[in-house]
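Quick notes on the structure that follows.
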Amino acid sequence: MFIEERHRLILEYLAKNGSITTNDIIEQYNVSYDTAKRDLRILDEKGLLKRTHGGALPLHQVAIGRPPRETIRDVVSIKENYYQIALKAVSMIADNDVVYLSPATVGYFMAKNMPTDRKVKVVTNSIIIAEELRPRDNISVILLGGEMDHKGNCYDSIAVETIRRLRFDKSFITSAFISVQFGLSIQKTIAISFYEAIVASSKKVIGLYPKEKIGFDSVVSICPAEKLDIMITDWDAAETDLASFEEKGIDVIMVEKEEKVPET
C-alpha cells in the first residue's frame, strides 16, 4: 500500500470512529510502530488531524456541539476517560465542601459517584444533576434558577446573581474545548457571564478535560486557561499540550486507564 493511500484510509477511519490509535494503524495496515507514528506526525503537520499521546483525533469545527435537545442523561455508552476523570474529581471533595458541578457529561458522572461518607453541599445549574443527587442524605443541593434551556440548564442573569452571593471551596468545570491560546471556550455567548461568576466565586477551580477537548477552540472564550488551578485529563492527552498548560502554572493531573467501566 502506498503511503498516500494509507493516509487517506487513516483519515476515513478517523471520520468514522472519532479517534485512532497507533495500534489500530499497525493492525489494520500491517506497518511498524515507527511507521504508524510517522504517519500521524505527517498528517498532523499537514493540519489534517491532531495527535494525542497514543494516537490521533479528527480536527473539530469551531461550532461543534451536542444536538439541541440531547442532555447529559442521554449518553448511550460511557467513555472510559470521561468516567475516570469524574472519579478522580470526586476523590478531591472533602467533608463539608461546597462544590459547583458543571452540567456536562463528566459532571453527571461525578453526581452518580458522589461520596457517601462525607457531607457535601452541591451547587448546580442542571436539573438533571440536582435530581440525581436529591435522594442522597449526605448531600444538600442548591439549584441555580432562572430561565431553563432545552437541556435542563439555567445560565441567565438570575443564576448569575445567585452565584455572586455564593462561595465555593471547589468548582468542577468544563467547556466545549480548551487551548493555551484561546482558553476555555464554548458555543454560545449566553454562558460567558455565568462561568465568569463561577470562577470569581471559587477558592479553587478544577477543569475536567478529556483528550477530545484539549487543543481546540470553540466560538467564544470564557476565560484564559490559567484561571484553572488544576486540570484533570486522561492518559492519552498529548504531552506537548499538557506541558504548555503547566507552563501557565496549572497543576495537571493525568488519570490512569482502568479495565472496567460500568454500563449506563
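Scheme for the C-alpha cells: letters A, B, ... for chains in order shown; per-chain residue numbers from 1; ligand numbers from 1 in order shown.
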Item to complete: Skip Phe182 in chain A itself and residues of its chain fewer than 3 positions away, then list as a list in words all residues within 9 Å of it, counting only C-alpha atoms.
Response: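 Near Phe182 in chain A, the qualifying residues are Ile178, Ser179, Ser185, Phe216, Asp217, Ser218, Val220, Ser221, Ile222, Cys223, Pro224 and Ala225 of chain A.
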Worksheet entry | Test item, helix (DSSP H, G or I) assignment across range 33-158 of chain A, answer as an MDAnalysis selection string | chainID A and resid 33:45 72:74 80:91 105:112 127:133 157:158
I'd like a table as a tab-separated table: residues in range 4-114 of chain A with an atom no more than 8 Å from range 210-213 of chain A, each row giving the shortest atom pair and its distance in Å to one decimal, only C-alpha atoms counted, sorted by chain and rising residue number.
```
residue	atom	partner	partner_atom	distance
A:Thr52	CA	A:Lys211	CA	7.5
A:Leu57	CA	A:Glu212	CA	7.1
A:Asn81	CA	A:Pro210	CA	6.3
A:Tyr82	CA	A:Pro210	CA	6.1
A:Ile85	CA	A:Pro210	CA	7.4
```
Put those residues in a file: C-alpha atoms, as a tab-separated table (two decimals), in the first residue's frame.
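Wrote it out as selection.tsv, contents follow:
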```
chain	number	residue	atom	x	y	z
A	52	THR	CA	-2.52	12.57	21.06
A	57	LEU	CA	-8.19	12.81	16.91
A	81	ASN	CA	-11.65	8.57	30.01
A	82	TYR	CA	-14.63	10.74	30.98
A	85	ILE	CA	-11.72	11.85	35.20
```
Worksheet item: Could you name the residues that touch range 157-164 of chain A at 7 Å or less, counting only C-alpha atoms, but leaving out those on the same chain fewer than 4 positions away, as a list in words?
Response: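 The filter keeps Leu144, Gly145, Gly146, Ser193, Phe194, Ala197, Ile198 and Ser201 of chain A.
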Could you write those residues out with N, CA, C and O atoms, as a PDB file, in the first residue's frame?
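This is the output file result17.pdb:
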```
ATOM      1  N   LEU A 144     -29.454  26.391  40.966  1.00  0.00           N
ATOM      2  CA  LEU A 144     -29.471  27.754  40.432  1.00  0.00           C
ATOM      3  C   LEU A 144     -30.637  27.908  39.468  1.00  0.00           C
ATOM      4  O   LEU A 144     -30.746  27.168  38.492  1.00  0.00           O
ATOM      5  N   GLY A 145     -31.505  28.877  39.742  1.00  0.00           N
ATOM      6  CA  GLY A 145     -32.708  29.036  38.941  1.00  0.00           C
ATOM      7  C   GLY A 145     -32.545  30.014  37.795  1.00  0.00           C
ATOM      8  O   GLY A 145     -31.443  30.469  37.474  1.00  0.00           O
ATOM      9  N   GLY A 146     -33.666  30.346  37.185  1.00  0.00           N
ATOM     10  CA  GLY A 146     -33.668  31.216  36.022  1.00  0.00           C
ATOM     11  C   GLY A 146     -34.395  30.553  34.881  1.00  0.00           C
ATOM     12  O   GLY A 146     -35.088  29.538  35.057  1.00  0.00           O
ATOM     13  N   SER A 193     -21.075  35.195  31.134  1.00  0.00           N
ATOM     14  CA  SER A 193     -21.202  35.808  32.460  1.00  0.00           C
ATOM     15  C   SER A 193     -21.362  34.746  33.542  1.00  0.00           C
ATOM     16  O   SER A 193     -20.863  34.901  34.662  1.00  0.00           O
ATOM     17  N   PHE A 194     -22.046  33.670  33.212  1.00  0.00           N
ATOM     18  CA  PHE A 194     -22.263  32.593  34.177  1.00  0.00           C
ATOM     19  C   PHE A 194     -20.927  32.007  34.625  1.00  0.00           C
ATOM     20  O   PHE A 194     -20.643  31.897  35.830  1.00  0.00           O
ATOM     21  N   ALA A 197     -18.701  34.284  36.657  1.00  0.00           N
ATOM     22  CA  ALA A 197     -19.147  34.367  38.046  1.00  0.00           C
ATOM     23  C   ALA A 197     -18.713  33.133  38.836  1.00  0.00           C
ATOM     24  O   ALA A 197     -18.304  33.241  40.006  1.00  0.00           O
ATOM     25  N   ILE A 198     -18.789  31.955  38.221  1.00  0.00           N
ATOM     26  CA  ILE A 198     -18.344  30.728  38.886  1.00  0.00           C
ATOM     27  C   ILE A 198     -16.873  30.824  39.262  1.00  0.00           C
ATOM     28  O   ILE A 198     -16.470  30.534  40.400  1.00  0.00           O
ATOM     29  N   SER A 201     -16.162  33.219  42.148  1.00  0.00           N
ATOM     30  CA  SER A 201     -16.681  32.810  43.452  1.00  0.00           C
ATOM     31  C   SER A 201     -15.994  31.572  44.018  1.00  0.00           C
ATOM     32  O   SER A 201     -16.381  31.086  45.080  1.00  0.00           O
TER      33      SER A 201
END
```
Discussion item. Calculated over only C-alpha atoms, which of the candidates A:Tyr29, A:Tyr209, A:Phe177, A:Trp235 has the smallest distance to Ile10 in chain A?
Written reply: A:Tyr29
Discussion item. Could you list, as a VMD selection string, every residue within 9 Å of Ser126 in chain A, counting only C-alpha atoms and ignoring same-chain residues fewer than 2 positions away?
Written reply: chain A and resid 101 to 104 124 128 to 131 143 to 144 148 151 to 154
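You will find CA of Gly55 in chain A at 16.0 Å from CA of Asn30 in chain A.
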Worksheet item: Which residue, A:Ala111, A:Gly54, A:Glu5, A:Ala176, has the smallest gap to Asp24 in chain A when you use only C-alpha atoms?
Response: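 Nearest to Asp24 in chain A: A:Gly54.
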Quick one: everything within 8 Å of Asp251 in chain A, counting only C-alpha atoms, minus sequence neighbours fewer than 5 positions away in the same chain. Send it as a short mmCIF file (atom, residue, chain, number, x, y, z; two decimals) with N, CA and C atoms, in the first residue's frame.
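Below you can see result29.cif, which holds the result:
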```cif
data_model
loop_
_atom_site.label_atom_id
_atom_site.label_comp_id
_atom_site.auth_asym_id
_atom_site.auth_seq_id
_atom_site.Cartn_x
_atom_site.Cartn_y
_atom_site.Cartn_z
N ASP A 229 -6.89 26.28 38.44
CA ASP A 229 -5.84 25.89 39.38
C ASP A 229 -5.33 24.49 39.06
N ILE A 230 -6.27 23.61 38.68
CA ILE A 230 -5.96 22.21 38.38
C ILE A 230 -6.69 21.81 37.11
N MET A 231 -6.05 20.98 36.29
CA MET A 231 -6.74 20.39 35.15
C MET A 231 -6.58 18.88 35.24
N GLU A 246 1.07 23.45 31.97
CA GLU A 246 1.89 23.50 33.19
C GLU A 246 2.74 24.77 33.22
#
```
Discussion item. For Leu59 in chain A, find every residue with an atom within 10 Å (counting only C-alpha atoms), except residues of its own chain fewer than 5 positions away, and show them as a VMD selection string.
Written reply: chain A and resid 14 to 15 18 44 47 to 51 212 215 to 216
Restrict the selected residues to C-alpha atoms and save them as a PDB file, in the first residue's frame.
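Written output follows (again_19.pdb):
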```
ATOM      1  CA  LEU A  14     -10.915   8.951  11.999  1.00  0.00           C
ATOM      2  CA  ALA A  15     -14.009  10.496  10.449  1.00  0.00           C
ATOM      3  CA  GLY A  18     -13.764   9.665  16.183  1.00  0.00           C
ATOM      4  CA  ASP A  44      -0.624  16.398  11.973  1.00  0.00           C
ATOM      5  CA  GLY A  47      -3.173  20.084   9.601  1.00  0.00           C
ATOM      6  CA  LEU A  48      -5.360  17.058   8.830  1.00  0.00           C
ATOM      7  CA  LEU A  49      -5.632  15.635  12.369  1.00  0.00           C
ATOM      8  CA  LYS A  50      -4.445  16.249  15.931  1.00  0.00           C
ATOM      9  CA  ARG A  51      -2.004  13.832  17.523  1.00  0.00           C
ATOM     10  CA  GLU A 212     -11.061  15.211  22.986  1.00  0.00           C
ATOM     11  CA  GLY A 215      -6.021  21.853  21.932  1.00  0.00           C
ATOM     12  CA  PHE A 216      -9.138  23.006  20.075  1.00  0.00           C
TER      13      PHE A 216
END
```
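Between Ile214 in chain A and the residues A:Gly249, A:Gly183, A:Gly107, A:Pro115, the shortest atom-to-atom distance, using only C-alpha atoms, involves A:Gly183.
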Worksheet entry | Residue contacts of Glu132 in chain A (12 Å, only C-alpha atoms) excluding same-chain residues fewer than 6 positions away, as an MDAnalysis selection string | chainID A and resid 72:73 103 107:114 122 124 126 139:141
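Nearest residue to Leu208 in chain A, choosing from A:Gln187, A:Thr105, A:Ser244, A:Ser19 and counting only C-alpha atoms: A:Thr105.
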Worksheet item: Rounded to one decimal in Å, what is the spacing between CA of Ile173 in chain A and CA of Ala56 in chain A?
Response: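 Computing the Euclidean distance for CA of Ile173 in chain A and CA of Ala56 in chain A yields 24.6 Å.
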Response to the item:
Students should find that CA of Gly207 in chain A and CA of Val219 in chain A are spaced 18.7 Å
Fill in: DSSP-assigned strand (DSSP E or B) members of range 73-238 of chain A, reported as a PyMOL selection string
chain A and resi 98-101+120-124+126+139-143+148+153-154+168+170-173+177-179+183-186+202+205-208+214+220-223+230-233
